[in-house]
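Note: the block below is run.cif and it holds mmCIF, C-alpha atoms.
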data_entry
#
loop_
_atom_site.label_atom_id
_atom_site.label_comp_id
_atom_site.auth_asym_id
_atom_site.auth_seq_id
_atom_site.Cartn_x
_atom_site.Cartn_y
_atom_site.Cartn_z
CA MET A 1 29.67 5.82 -61.28
CA ALA A 2 32.77 4.19 -59.81
CA LEU A 3 35.30 6.43 -58.10
CA ASP A 4 38.95 5.77 -57.28
CA ASP A 5 39.87 5.98 -53.62
CA ASN A 6 41.61 9.29 -54.24
CA ASP A 7 38.41 10.70 -55.71
CA ILE A 8 36.12 9.76 -52.84
CA GLU A 9 35.17 12.79 -50.77
CA SER A 10 32.55 13.60 -48.21
CA LYS A 11 29.10 14.45 -49.51
CA ASP A 12 29.58 18.07 -48.43
CA ASP A 13 32.89 18.35 -50.27
CA ALA A 14 31.46 16.79 -53.40
CA THR A 15 28.51 19.14 -53.35
CA GLN A 16 30.77 22.16 -52.90
CA SER A 17 32.96 20.97 -55.76
CA LEU A 18 30.03 20.59 -58.13
CA ALA A 19 28.61 23.87 -56.87
CA ALA A 20 31.84 25.52 -57.93
CA GLU A 21 31.09 24.29 -61.42
CA PHE A 22 27.33 24.74 -61.46
CA LYS A 23 26.32 28.36 -61.02
CA ALA A 24 22.63 27.98 -61.76
CA PRO A 25 20.17 30.03 -59.73
CA THR A 26 19.96 27.63 -56.80
CA VAL A 27 17.26 26.70 -54.32
CA THR A 28 17.28 23.40 -52.49
CA ARG A 29 15.07 20.61 -53.79
CA ALA A 30 16.00 18.26 -50.92
CA TYR A 31 13.40 18.72 -48.19
CA GLN A 32 13.47 17.18 -44.73
CA CYS A 33 10.95 16.49 -41.98
CA GLN A 34 11.66 17.40 -38.38
CA CYS A 35 12.35 13.68 -37.76
CA GLY A 36 15.22 13.81 -40.25
CA ARG A 37 13.56 11.76 -42.98
CA PRO A 38 13.49 13.09 -46.55
CA VAL A 39 10.20 14.47 -47.86
CA PHE A 40 9.25 15.67 -51.31
CA LEU A 41 7.57 18.56 -53.08
CA ALA A 42 4.10 16.99 -53.20
CA ASN A 43 4.04 15.65 -49.61
CA SER A 44 1.47 16.93 -47.10
CA ARG A 45 2.41 14.51 -44.29
CA CYS A 46 5.60 12.70 -43.30
CA LEU A 47 5.06 8.99 -43.83
CA ALA A 48 7.61 8.18 -41.11
CA CYS A 49 6.36 10.27 -38.17
CA GLN A 50 3.04 11.69 -39.46
CA THR A 51 4.14 15.30 -38.98
CA PRO A 52 2.03 17.59 -41.19
CA LEU A 53 3.95 19.21 -44.05
CA GLY A 54 3.27 22.08 -46.39
CA TYR A 55 4.87 24.25 -49.03
CA VAL A 56 5.55 27.68 -47.52
CA ILE A 57 6.43 30.41 -50.00
CA GLU A 58 8.60 32.30 -47.52
CA GLN A 59 10.67 29.13 -47.07
CA LEU A 60 10.66 28.29 -50.80
CA GLY A 61 10.07 24.67 -49.95
CA VAL A 62 8.17 21.96 -48.11
CA VAL A 63 8.59 22.27 -44.35
CA PRO A 64 7.34 20.40 -41.26
CA LEU A 65 4.50 22.10 -39.40
CA GLN A 66 3.19 22.21 -35.85
CA PRO A 67 -0.13 23.43 -34.44
CA ALA A 68 -0.07 27.17 -33.79
CA LYS A 69 -0.03 27.91 -30.06
CA HIS A 70 -0.13 31.69 -29.94
CA ASP A 71 -3.14 33.54 -28.53
CA GLY A 72 -6.13 33.57 -30.82
CA ALA A 73 -4.89 30.70 -33.00
CA GLU A 74 -7.74 29.04 -34.84
CA PRO A 75 -8.10 25.24 -35.17
CA ASP A 76 -6.13 23.72 -38.06
CA THR A 77 -3.69 26.62 -37.93
CA PHE A 78 0.03 25.86 -38.08
CA THR A 79 3.44 27.43 -37.72
CA VAL A 80 6.71 26.15 -39.13
CA PHE A 81 8.05 23.44 -36.81
CA GLY A 82 10.26 24.95 -34.11
CA ASP A 83 8.90 28.47 -34.61
CA THR A 84 6.04 28.43 -32.11
CA GLY A 85 5.35 32.16 -32.21
CA GLY A 86 6.00 32.55 -35.90
CA LYS A 87 3.73 33.31 -38.80
CA ALA A 88 0.56 31.24 -38.85
CA TYR A 89 -0.67 29.25 -41.84
CA ARG A 90 -3.59 27.14 -42.93
CA HIS A 91 -3.76 24.44 -45.55
CA CYS A 92 -4.99 25.46 -48.97
CA ALA A 93 -8.70 24.74 -49.42
CA ASN A 94 -7.76 22.34 -52.22
CA LEU A 95 -5.82 19.97 -49.95
CA MET A 96 -8.71 17.49 -49.76
CA THR A 97 -9.77 17.82 -53.41
CA PRO A 98 -8.40 15.63 -56.22
CA SER A 99 -5.67 18.24 -56.79
CA ALA A 100 -4.26 17.46 -53.30
CA CYS A 101 -2.64 20.88 -52.92
CA ASN A 102 -0.11 20.99 -50.08
CA TRP A 103 0.62 24.71 -50.29
CA MET A 104 -0.03 26.86 -47.23
CA VAL A 105 -2.06 30.06 -46.94
CA PRO A 106 -1.38 32.85 -44.42
CA ALA A 107 -3.85 32.53 -41.54
CA PRO A 108 -5.60 35.41 -39.75
CA ARG A 109 -4.13 36.54 -36.46
CA GLU A 110 -5.97 37.79 -33.40
CA GLY A 111 -7.69 41.08 -34.20
CA ASP A 112 -7.87 40.50 -37.94
CA ASP A 113 -11.11 41.24 -39.73
CA PRO A 114 -13.38 38.15 -39.80
CA SER A 115 -13.49 38.42 -43.58
CA PHE A 116 -9.68 38.25 -43.69
CA ASN A 117 -8.30 37.13 -47.03
CA VAL A 118 -4.90 37.55 -48.63
CA ASP A 119 -4.97 40.08 -51.45
CA GLY A 120 -4.74 38.47 -54.86
CA LEU A 121 -5.70 35.00 -53.64
CA ALA A 122 -9.02 33.23 -54.02
CA PRO A 123 -10.76 32.70 -50.64
CA GLY A 124 -9.00 29.96 -48.72
CA MET A 125 -6.71 29.13 -51.61
CA CYS A 126 -2.96 29.42 -52.07
CA LEU A 127 -1.12 31.27 -54.81
CA ALA A 128 -0.76 28.15 -56.95
CA CYS A 129 -4.48 27.40 -56.89
CA SER A 130 -5.48 31.05 -57.27
CA VAL A 131 -3.87 31.23 -60.70
CA THR A 132 -5.98 28.28 -61.91
CA ARG A 133 -9.06 29.82 -63.47
CA THR A 134 -10.72 26.76 -65.00
CA ILE A 135 -10.42 23.13 -63.88
CA PRO A 136 -11.55 19.99 -65.73
CA ASP A 137 -15.17 18.91 -65.18
CA LEU A 138 -14.86 16.59 -62.19
CA THR A 139 -18.10 14.78 -63.07
CA VAL A 140 -16.23 13.26 -66.03
CA GLU A 141 -14.46 10.02 -65.17
CA GLY A 142 -10.70 10.42 -65.05
CA ASN A 143 -10.70 14.20 -64.81
CA GLY A 144 -9.76 14.12 -61.14
CA ASP A 145 -6.53 12.30 -62.00
CA ARG A 146 -5.91 14.66 -64.91
CA TRP A 147 -6.39 17.70 -62.67
CA LEU A 148 -3.94 16.28 -60.12
CA ALA A 149 -1.28 15.72 -62.79
CA LEU A 150 -1.76 19.24 -64.15
CA GLU A 151 -1.55 20.86 -60.73
CA LEU A 152 1.54 18.87 -59.69
CA ALA A 153 3.38 20.12 -62.77
CA LYS A 154 2.13 23.67 -62.28
CA ARG A 155 3.15 23.73 -58.62
CA ARG A 156 6.65 22.59 -59.58
CA LEU A 157 6.81 25.39 -62.14
CA LEU A 158 5.60 28.06 -59.72
CA SER A 159 7.97 26.97 -56.97
CA GLN A 160 10.86 27.50 -59.38
CA LEU A 161 9.57 30.87 -60.58
CA LEU A 162 9.29 32.08 -56.98
CA ALA A 163 12.85 30.94 -56.26
CA LEU A 164 14.02 32.89 -59.31
CA LYS A 165 12.13 35.94 -57.99
CA LEU A 166 10.14 36.20 -61.19
CA PRO A 167 6.79 37.98 -60.77
CA VAL A 168 3.93 35.55 -60.10
CA VAL A 169 0.77 37.63 -59.96
CA THR A 170 -2.80 36.36 -60.08
CA ARG A 171 -5.51 37.67 -62.37
CA LEU A 172 -7.38 38.63 -59.20
CA SER A 173 -4.58 41.00 -58.25
CA ASP A 174 -3.85 42.34 -61.74
CA PRO A 175 -6.65 41.78 -64.29
CA VAL A 176 -4.41 42.94 -67.14
CA HIS A 177 -1.01 41.36 -66.49
CA GLY A 178 -1.88 38.61 -64.02
CA LEU A 179 -1.59 34.89 -64.70
CA ALA A 180 -4.51 32.55 -65.29
CA PHE A 181 -4.54 28.88 -66.24
CA ASP A 182 -7.45 27.25 -68.05
CA PHE A 183 -7.46 23.44 -68.09
CA LEU A 184 -9.95 22.59 -70.83
CA SER A 185 -11.20 19.39 -72.44
CA ASN A 186 -12.22 18.68 -76.01
CA MET A 187 -15.99 18.82 -76.41
CA PRO A 188 -18.07 17.19 -79.18
CA GLY A 189 -18.79 19.71 -81.93
CA ALA A 190 -16.43 22.31 -80.45
CA PRO A 191 -13.02 23.34 -81.81
CA HIS A 192 -10.09 21.25 -80.64
CA VAL A 193 -8.51 22.73 -77.50
CA LEU A 194 -5.01 24.02 -78.27
CA THR A 195 -2.34 24.48 -75.67
CA GLY A 196 -1.24 28.11 -75.84
CA HIS A 197 -0.77 31.52 -74.28
CA ASP A 198 -2.65 34.77 -74.81
CA THR A 199 -1.73 37.85 -72.73
CA GLY A 200 -1.30 36.01 -69.44
CA VAL A 201 -3.93 33.29 -69.96
CA ILE A 202 -2.34 29.87 -70.41
CA THR A 203 -4.58 27.15 -71.82
CA LEU A 204 -3.74 23.46 -71.56
CA ASN A 205 -5.69 20.63 -73.07
CA ALA A 206 -6.46 18.38 -70.07
CA GLU A 207 -5.99 15.31 -72.27
CA GLU A 208 -2.25 16.06 -72.20
CA ALA A 209 -2.34 14.84 -68.59
CA GLN A 210 -2.85 11.29 -69.92
CA ASP A 211 0.48 9.59 -70.60
CA ASP A 212 -0.84 7.58 -73.54
CA VAL A 213 -2.32 10.64 -75.27
CA ARG A 214 0.78 12.72 -74.71
CA GLU A 215 3.06 9.94 -75.96
CA ARG A 216 0.94 9.46 -79.08
CA ILE A 217 1.15 13.18 -79.87
CA ARG A 218 4.88 13.19 -79.18
CA ALA A 219 5.40 10.35 -81.65
CA GLU A 220 3.15 11.92 -84.28
CA MET A 221 5.02 15.22 -84.05
CA ARG A 222 8.41 13.46 -83.91
CA GLU A 223 9.36 15.23 -80.71
CA PRO A 224 12.16 13.87 -78.50
CA TYR A 225 10.41 15.11 -75.37
CA ARG A 226 6.85 16.04 -74.35
CA THR A 227 5.75 16.52 -70.73
CA LEU A 228 3.24 18.59 -68.81
CA LEU A 229 6.05 20.45 -67.07
CA GLY A 230 7.59 21.18 -70.46
CA HIS A 231 4.28 22.65 -71.65
CA PHE A 232 4.04 24.87 -68.58
CA ARG A 233 7.62 26.09 -68.91
CA HIS A 234 7.18 26.84 -72.60
CA GLU A 235 3.92 28.77 -72.19
CA ILE A 236 5.16 30.74 -69.19
CA GLY A 237 8.07 31.79 -71.40
CA HIS A 238 5.62 33.64 -73.66
CA TYR A 239 4.15 35.34 -70.60
CA TYR A 240 7.54 36.56 -69.39
CA TRP A 241 8.53 37.73 -72.87
CA ASP A 242 5.54 40.09 -72.70
CA LEU A 243 6.67 41.36 -69.30
CA LEU A 244 10.46 41.28 -69.26
CA VAL A 245 11.55 41.70 -72.89
CA GLN A 246 9.02 43.35 -75.20
CA PRO A 247 8.55 46.60 -73.22
CA THR A 248 12.21 46.88 -72.12
CA PRO A 249 15.62 47.72 -73.59
CA TRP A 250 16.22 43.95 -73.94
CA ILE A 251 14.08 43.95 -77.10
CA ASP A 252 16.86 45.08 -79.47
CA ASP A 253 19.24 42.36 -78.29
CA PHE A 254 16.40 39.86 -78.47
CA ARG A 255 15.83 40.66 -82.13
CA ALA A 256 19.53 40.41 -82.87
CA LEU A 257 19.69 36.92 -81.31
CA PHE A 258 16.29 35.37 -81.91
CA GLY A 259 14.98 37.33 -84.90
CA ASP A 260 12.24 39.88 -85.43
CA GLU A 261 9.06 38.77 -83.67
CA ARG A 262 7.05 41.16 -85.85
CA GLU A 263 7.19 38.54 -88.59
CA ASP A 264 3.67 37.21 -89.31
CA TYR A 265 3.21 34.61 -86.56
CA ALA A 266 0.29 32.67 -88.04
CA ALA A 267 1.97 32.49 -91.45
CA ALA A 268 5.22 31.30 -89.87
CA LEU A 269 3.44 28.47 -88.05
CA ARG A 270 1.59 27.41 -91.18
CA LYS A 271 4.89 27.27 -93.05
CA HIS A 272 6.44 25.22 -90.24
CA TYR A 273 3.64 22.65 -90.14
CA ASP A 274 3.37 22.47 -93.93
CA ASN A 275 7.08 22.29 -94.75
CA GLY A 276 8.79 21.27 -91.52
CA ALA A 277 11.89 22.80 -89.98
CA PRO A 278 14.83 23.98 -92.11
CA ALA A 279 17.45 21.32 -92.78
CA ASP A 280 20.02 23.02 -90.55
CA TRP A 281 17.73 23.68 -87.58
CA ALA A 282 19.80 21.46 -85.27
CA ASP A 283 22.78 23.78 -85.76
CA ARG A 284 20.86 26.86 -84.64
CA PHE A 285 17.94 25.95 -82.34
CA VAL A 286 17.27 23.89 -79.22
CA THR A 287 14.35 22.14 -80.96
CA SER A 288 12.88 22.01 -84.46
CA TYR A 289 9.78 23.88 -83.25
CA ALA A 290 12.01 26.74 -82.08
CA SER A 291 12.85 27.40 -85.74
CA SER A 292 9.24 28.30 -86.60
CA HIS A 293 9.21 31.89 -85.27
CA PRO A 294 11.29 34.09 -82.90
CA TRP A 295 8.55 33.86 -80.24
CA GLU A 296 8.80 30.08 -80.34
CA ASP A 297 12.59 30.17 -80.31
CA TRP A 298 12.38 32.28 -77.15
CA ALA A 299 9.78 30.05 -75.47
CA GLU A 300 11.58 26.81 -76.31
CA THR A 301 14.93 28.21 -75.15
CA TRP A 302 13.30 29.66 -72.01
CA ALA A 303 11.79 26.26 -71.18
CA HIS A 304 15.16 24.66 -71.79
CA TYR A 305 16.81 27.08 -69.35
CA LEU A 306 14.22 26.27 -66.66
CA HIS A 307 14.76 22.54 -67.26
CA MET A 308 18.50 22.99 -66.85
CA ALA A 309 18.33 25.23 -63.80
CA ASP A 310 15.84 23.03 -61.91
CA THR A 311 17.71 19.83 -62.70
CA ALA A 312 20.97 21.44 -61.62
CA ASP A 313 19.33 22.66 -58.40
CA THR A 314 18.12 19.12 -57.70
CA ALA A 315 21.50 17.59 -58.46
CA LEU A 316 23.22 20.04 -56.13
CA SER A 317 20.61 19.48 -53.44
CA PHE A 318 21.31 15.74 -53.40
CA GLY A 319 25.09 15.98 -53.75
CA VAL A 320 25.30 14.49 -57.25
CA ASP A 321 28.91 14.54 -58.47
CA ALA A 322 29.30 14.64 -62.25
CA ARG A 323 33.02 15.38 -62.43
CA ASN A 324 34.21 11.87 -63.21
CA VAL A 325 32.42 11.20 -66.45
CA GLU A 326 33.57 10.50 -69.96
CA LEU A 327 32.08 13.20 -72.17
CA ALA A 328 30.23 12.35 -75.36
CA SER A 329 30.59 15.91 -76.66
CA ASP A 330 33.01 18.82 -76.42
CA LEU A 331 32.64 21.47 -73.77
CA PHE A 332 31.64 25.00 -74.71
CA GLU A 333 34.07 27.91 -74.91
CA PRO A 334 33.82 31.66 -74.21
CA THR A 335 33.46 32.32 -77.92
CA ASP A 336 30.16 30.41 -77.84
CA LEU A 337 28.62 32.97 -75.48
CA TRP A 338 26.54 35.95 -76.46
CA GLN A 339 28.53 38.29 -74.20
CA PRO A 340 31.84 36.57 -73.36
CA GLU A 341 33.08 39.78 -71.75
CA HIS A 342 30.19 39.97 -69.27
CA PRO A 343 31.35 39.86 -65.60
CA GLU A 344 29.28 36.72 -65.03
CA ALA A 345 30.26 35.04 -68.30
CA VAL A 346 32.74 32.62 -66.74
CA ARG A 347 30.21 31.49 -64.16
CA PHE A 348 27.55 30.97 -66.81
CA LEU A 349 30.00 29.00 -68.94
CA ASP A 350 30.76 26.82 -65.90
CA PHE A 351 27.03 26.21 -65.52
CA ILE A 352 26.62 25.19 -69.17
CA ASN A 353 29.62 22.87 -69.08
CA GLY A 354 28.51 21.44 -65.75
CA TRP A 355 25.20 20.69 -67.46
CA VAL A 356 27.01 18.82 -70.24
CA ARG A 357 28.75 16.64 -67.66
CA LEU A 358 25.58 16.05 -65.65
CA THR A 359 23.48 15.04 -68.66
CA ASN A 360 26.10 12.53 -69.74
CA VAL A 361 25.64 10.85 -66.35
CA LEU A 362 21.85 11.07 -66.47
CA ASN A 363 21.72 9.58 -69.96
CA GLU A 364 23.89 6.65 -68.90
CA LEU A 365 21.62 6.05 -65.90
CA SER A 366 18.58 5.97 -68.19
CA ARG A 367 20.30 3.58 -70.58
CA SER A 368 21.17 1.27 -67.68
CA MET A 369 17.42 0.88 -67.12
CA GLY A 370 16.68 0.40 -70.80
CA GLN A 371 14.91 3.76 -70.94
CA PRO A 372 15.22 6.53 -73.55
CA ASP A 373 17.86 9.13 -72.87
CA TYR A 374 17.00 11.41 -69.97
CA TYR A 375 18.26 14.38 -72.01
CA PRO A 376 17.49 13.68 -75.69
CA PHE A 377 19.01 16.92 -76.99
CA VAL A 378 22.31 18.19 -78.32
CA LEU A 379 22.84 21.85 -77.54
CA PRO A 380 24.07 23.73 -80.61
CA ARG A 381 26.64 26.40 -79.93
CA THR A 382 24.32 29.10 -81.29
CA ALA A 383 21.74 28.22 -78.62
CA VAL A 384 24.27 28.78 -75.83
CA GLY A 385 24.31 32.50 -76.58
CA LYS A 386 20.51 32.59 -76.42
CA LEU A 387 20.57 30.74 -73.10
CA GLN A 388 23.00 33.32 -71.74
CA PHE A 389 20.64 36.08 -72.84
CA ILE A 390 17.78 34.44 -70.92
CA HIS A 391 20.07 33.92 -67.94
CA LEU A 392 20.86 37.63 -67.86
CA VAL A 393 17.22 38.67 -68.24
CA ILE A 394 16.30 36.48 -65.26
CA ALA A 395 19.36 37.65 -63.29
CA GLU A 396 18.28 41.27 -63.75
CA GLN A 397 14.84 40.41 -62.40
CA ARG A 398 16.37 38.55 -59.44
CA GLU A 399 18.45 41.61 -58.59
CA ARG A 400 15.31 43.66 -58.28
CA GLY A 401 14.39 41.32 -55.47
CA THR A 402 10.66 41.57 -55.99
CA GLN A 403 7.75 39.35 -56.94
CA SER A 404 5.45 42.30 -57.34
CA ALA A 405 3.92 43.29 -60.63
CA GLU A 406 4.90 46.87 -59.72
CA ALA A 407 8.46 45.96 -60.75
CA VAL A 408 7.22 45.23 -64.26
CA PRO A 409 6.57 48.14 -66.66
CA GLU A 410 2.90 48.77 -67.35
CA VAL A 411 2.30 47.52 -70.86
CA ASP A 412 -0.53 46.31 -72.99
CA PRO A 413 1.22 43.58 -75.01
CA ALA A 414 -0.25 42.62 -78.34
CA PRO A 415 -2.22 39.38 -78.11
CA GLU A 416 -0.34 36.32 -79.22
CA PRO A 417 -2.41 33.80 -81.19
CA GLU A 418 -2.89 30.42 -79.60
CA HIS A 419 -0.42 27.86 -80.86
CA GLN A 420 0.22 24.19 -80.61
CA ALA A 421 2.93 23.55 -78.04
#

Once you've parsed the file, please lay out its structure as structure tokens.
Amino acid sequence: MALDDNDIESKDDATQSLAAEFKAPTVTRAYQCQCGRPVFLANSRCLACQTPLGYVIEQLGVVPLQPAKHDGAEPDTFTVFGDTGGKAYRHCANLMTPSACNWMVPAPREGDDPSFNVDGLAPGMCLACSVTRTIPDLTVEGNGDRWLALELAKRRLLSQLLALKLPVVTRLSDPVHGLAFDFLSNMPGAPHVLTGHDTGVITLNAEEAQDDVRERIRAEMREPYRTLLGHFRHEIGHYYWDLLVQPTPWIDDFRALFGDEREDYAAALRKHYDNGAPADWADRFVTSYASSHPWEDWAETWAHYLHMADTADTALSFGVDARNVELASDLFEPTDLWQPEHPEAVRFLDFINGWVRLTNVLNELSRSMGQPDYYPFVLPRTAVGKLQFIHLVIAEQRERGTQSAEAVPEVDPAPEPEHQA
């Protein structure tokens, strides 16, 4: 994107300017080794200086590590680089498996019980691995690569949820409301594995980790977009609806915006797959699938919000400036919001319009490489109000400042039938 001399600013100034426009929940996605070289979310070692790296939940990112030097430190125990006496960590037990997990686990300190283990985590495993209940059969050729792809997408999801201060609780910690992921494969003579959610258990068909399979399904279903991360964000939306909407005062506003979820779910899906989406779906929903049932409208819109927030976080982290771009669509106005009078309405509107500008740039970059549009969607004005609703639900949870299930009302949500994502 060419800039006139008068428009050229320092990277810091450009970032601040875009930040004034983008008011997404922000956490940096630009990580750095102690040597100053950039590192990325999946890295476990700096390729420039060989410093060990790991994702540390307290830091909400990948950080350089150094061997722990305090009294009683065990071998292969680390602290964050430059914090010699700080909290000690060990690598997740899955670091050397095909999933190549680079998340860190709190290590025992001197005087801890020899059977020390962090509550809610599987022995030796991090939070991200502890929510995986079933992995693909690694004796089957190709399943190691599929497992890696699934875990990389899931770790990206969880890192965003933690930054948003949404509750991430394992089934080990809370057998009723905790999360569990089952990565299953189709078996001869058995029912086809459907991607879906049922009271905290998220099932993904491991074949979706294969690009060719996923692309074939995308084309067959005439979807503009189909990714593993998109599946995870959609299914986790169902989970958070059970926790943050259904048992709370938000439910009445949800029904006013999205519709009454008490409508027969199975019948609604059958109608959708038999007859397709209504002719005017693009004027009212983020995707055609969102038109099938209020639950799916919520999950698709929730996933869309997470896509937008994470992409905005990444753009801000790297100083991307989207101000000087010719727009292919009009910007949104306060009248497009659900609650235009809300104290944060102007900031949310800035975020939405910043997203419009950014996606125009991203689409042009994709086209310059002969690739499909990065963002193959057109946001209808009706969906903007639903996005604001989700923004406010998440903002309320952030204000509570907790990742504990104790902040979530004790409920026994009705099981949701498995569905095709």

>> Under the rule that all atoms listed in the file are counted, which of A:Gly200, A:Ser173, A:Leu164, A:Leu95 is the nearest residue to Glu151 (chain A)?
In response: A:Leu95

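Against the coordinates shown, the PyMOL selection byres ((chain A and resi 192) around 12) returns Leu184, Ser185, Asn186, Met187, Pro188, Gly189, Ala190, Pro191, Val193, Leu194, Thr195, Thr203, Leu204, Asn205, Ala206, Glu207, Glu418, His419 and Gln420 of chain A.
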
>> Starting from the PyMOL selection byres ((chain A and resi 226) around 10), expand the selection into actual residues of this file and give them as a PyMOL selection string.
In response: chain A and resi 208+211+214-215+217-219+221+223-225+227-231+421

> Applied to the shown file, which residues does the PyMOL selection byres ((chain A and resi 360) around 12) return, written as a PyMOL selection string?
Replying inline: chain A and resi 1+321-331+353-359+361-367+373-378

>> Considering all atoms listed in the file, can you say which of A:Pro278, A:Pro343, A:Pro334, A:Gly61 comes closest to Ala163 (chain A)?
In response: A:Gly61
